[in-house]
Structures are given as C-alpha cells and as structure tokens.
Amino acid sequence: MKLTALLENTTDCPDILTRHGLSLYLETAHHKILFDFGPDDSFARNAEQLGVDLSAVDLAVLSHGHDDHGGGLKTFLEINQTAPVYVRETAFCPHWSGRGMIGLDASLKHHPQIVLTGTSCTIDDTLRLISGVTGRKFFASSNAKLLMSTADGARLPDDFSHEQSLIVREGDMCLLIAGCAHCGIVNVLERAESEVGHPMTHVVSGFHLCQPSKNIHEPEDTVCAIARELVKRPSRYYTCHCTGLPSYRILNRETDGQVSYLSGGSSLSFDTQNTRLNCR
C-alpha cells in the first residue's frame, strides 16, 4: 500500500499548495482511493504535480460534513464521473463554527455518484467504513464551537454523527484512516478495534487538538494523556491537519517517535516490517 498526502496544512515541497484541510490518496492491491477533498480544487492541482490521476480513482470517501474536507467534492465529481463517493447520510446537513457556516454544498447530496452510508458499511473484504463513535475520552474543548442544524433550523452542539473512518486490510496490515477524529482519536481507535477485534497496525488521522484560526491548542497534560493511551497499542501513527504542530511535537516526544507527521506532498509506503515516510 502507498498513501500520499495530496493536501494538508503544511508541506516541505515548494511546488505543493497548502490549505487548512486534508486530502489523501491511497493505492492498495485492489483499489485507488481518494479520502477527503480539501476546501477547494487545490487537492486536484497538487495531484497533477504529484502524478496522481484522479480520473482513475475507483472509489472515494468523505470523512465528515465540514468544508475543509469536502469543499473540493464538486471538483472531484467533475474530474471523475464513475467512482462512488461514500458519505455519511447526515453529512449534508448544515454545520456551523465560530467563523460561520462550514457545511457542504447540499445540492451534491443527490448526485448519482454519492452513496449515503449508515453506522457501518462494508465495501468489500478489504474496506470497511465505521462511524457511531460514542466514547468521549479527551473530547476536544474546541468542539464546543461546532454546531449542526436540525430539520427545523435550530442549532445544536454537533454530535459528529456525520463522521466516518475507513479501515483498510491488506495482508497482515490493518490501516485506519480518519479525517479529524472530532470524537477523540482514542475513542475512534476503540470503535475501530471493536469492529475488527484487534489493534490497528497503522493509523493516519488528524487528532483535532487545535483551533488554528485562533492559535489555540489543547492543554499539554491532555495531549500527554492521549500519548499514554496511544503507546499502549502497537500501532504506528501518522498525524496531520487539525492536530497542530505544537501538539504533534508533544505526541512525538511522549511516544518516543511512535507518532510522525504527514505533510502535503509526502507519502507513506506501507510494509509489514517497515513503513517509509518520504517527501517528494
């Protein structure tokens, strides 16, 4: 398997665009997968720079209904007119933050390539989507500013029922890919482990530990407590996007390098014995 970060908040590559958002491209033995679309068409422009043919993607996944992950969905549907796009059934409901509306283009909900998913969705023997995370350990304080609209227009605290994660199996490897893990990465891991019956070998996810627009980060003792939970597992972690670099540095230190950072333009080559993180 090989995973490439088409778009992320940061990059070490001078010709790769950065945005507050995320888009990942994964090649497995059986699939070419796009996971999230970033906030605009930047992911597609970076894909061209990186030699990734988005028209050859055979399926796509949207992690949740926020525009920093789904703003580029329309661009993808214009480029690729065959791949199903798996989206939680509540993802197209209006969503809000302190900066205003952050939801998706609701008109895309009825596009013929959109496949609305429930709490669990088995795509095939190698791919499974999970949601319905109910745990609230280390629930980020910044979640308090995230709201969702009900059918009658009322705004309530977001319950993140629109969030889903992808489990990928290949040989002895079991990879979890999440978007922001708003419910808390430890809770998402526990949900994934309950689904497959064992820990992940690899995890790629934002950990939602910062509000970058206000330069606010979760307290260091909270981040250290998360690190203590992560090291209980044999997994290798690659984080990005909403984790924030200050929290990443704490996680990397407290896990003795078990957590690494995945920036835009970089790639992961997965192997049972070794995983290589490379910048183009």
# chains A, B, ... in the order shown; residues from 1 in each chain; ligands from 1
>>> residues_around(residues="Val204 in chain A", least_positions_apart="3", cutoff="6 Å", atoms="only C-alpha atoms", output="PyMOL selection string")
chain A and resi 177+238-239
>>> write_last_selection(atoms="N, CA and C atoms", output="tab-separated table (two decimals), in the first residue's frame")
chain	number	residue	atom	x	y	z
A	177	ILE	N	-7.88	5.08	8.62
A	177	ILE	CA	-7.76	6.46	8.14
A	177	ILE	C	-8.97	7.23	8.65
A	238	TYR	N	0.41	8.35	12.11
A	238	TYR	CA	0.81	9.46	11.24
A	238	TYR	C	-0.30	10.50	11.33
A	239	THR	N	0.03	11.64	11.89
A	239	THR	CA	-0.99	12.65	12.14
A	239	THR	C	-0.75	13.87	11.27
>>> closest_residue(among="A:Ile102, A:Lys214, A:Asp36, A:Thr75", to="Leu166 in chain A", atoms="only C-alpha atoms")
A:Asp36
>>> select_by_dssp(residues="range 117-225 of chain A", states="helix (DSSP H, G or I)", output="ChimeraX atom specification")
/A:141-145,185-196,220-225
>>> residues_around(residues="Leu17 in chain A", least_positions_apart="5", cutoff="10 Å", atoms="only C-alpha atoms", output="ChimeraX atom specification")
/A:6-11,42-43,45-46,49,264-265
>>> select_by_dssp(residues="range 73-278 of chain A", states="strand (DSSP E)", output="ChimeraX atom specification")
/A:85-88,95-97,100-101,114-117,120-122,127-130,147-149,155-157,165-170,173-177,202-206,210-211,216-217,236-240,259-261,266-270,275-278
>>> residues_around(residues="His241 in chain A", least_positions_apart="2", cutoff="9 Å", atoms="only C-alpha atoms", output="VMD selection string")
chain A and resid 8 to 10 20 to 22 179 to 180 205 to 208 239 243 to 245 262 to 263
>>> closest_residue(among="A:Cys13, A:Ile123, A:Leu268, A:Ala44", to="Leu59 in chain A", atoms="only C-alpha atoms")
A:Ile123
>>> closest_residue(among="A:Leu24, A:Leu209, A:Met173, A:Val188", to="Pro234 in chain A", atoms="only C-alpha atoms")
A:Met173
>>> residues_around(residues="range 152-158 of chain A", least_positions_apart="4", cutoff="10 Å", atoms="only C-alpha atoms", output="ChimeraX atom specification")
/A:94-97,143-148,162,182
>>> closest_residue(among="A:Glu163, A:Asp125, A:Asp271, A:Glu229", to="Glu89 in chain A", atoms="only C-alpha atoms")
A:Glu163
>>> atom_distance(atom1="CA of Glu220 in chain A", atom2="CA of Ser194 in chain A")
28.5 Å
>>> atom_distance(atom1="CA of Leu176 in chain A", atom2="CA of Leu108 in chain A")
26.5 Å
>>> residues_around(residues="Thr201 in chain A", least_positions_apart="3", cutoff="12 Å", atoms="only C-alpha atoms", output="ChimeraX atom specification")
/A:167-177,189,192-193,196,198,204,230,233-238,258,270-275
>>> residues_around(residues="Arg228 in chain A", least_positions_apart="5", cutoff="10 Å", atoms="only C-alpha atoms", output="compact mmCIF listing (two decimals) with N, CA, C and O atoms, in the first residue's frame")
# COMPACT_ATOMS: atom_id res chain seq x y z
N THR A 222 -3.36 17.19 28.66
CA THR A 222 -4.32 16.40 27.88
C THR A 222 -3.62 15.66 26.75
O THR A 222 -3.87 14.47 26.51
N VAL A 223 -2.74 16.35 26.05
CA VAL A 223 -2.00 15.73 24.94
C VAL A 223 -1.12 14.60 25.47
O VAL A 223 -1.02 13.53 24.84
N ARG A 233 -0.76 0.69 22.45
CA ARG A 233 -1.05 -0.08 21.25
C ARG A 233 0.21 -0.24 20.41
O ARG A 233 1.10 0.61 20.46
N LEU A 251 3.28 14.86 21.22
CA LEU A 251 2.97 13.45 20.97
C LEU A 251 4.20 12.69 20.50
O LEU A 251 4.45 11.56 20.94
N GLU A 254 6.46 12.25 23.59
CA GLU A 254 5.94 11.38 24.64
C GLU A 254 5.77 9.94 24.17
O GLU A 254 5.69 9.03 25.00
N THR A 255 5.71 9.72 22.87
CA THR A 255 5.60 8.35 22.34
C THR A 255 6.93 7.84 21.81
O THR A 255 6.98 6.77 21.20
>>> closest_residue(among="A:Asn80, A:Ser63, A:Asn215, A:Gln164", to="Ile130 in chain A", atoms="only C-alpha atoms")
A:Gln164
>>> atom_distance(atom1="CA of Thr126 in chain A", atom2="CA of Leu26 in chain A")
13.0 Å
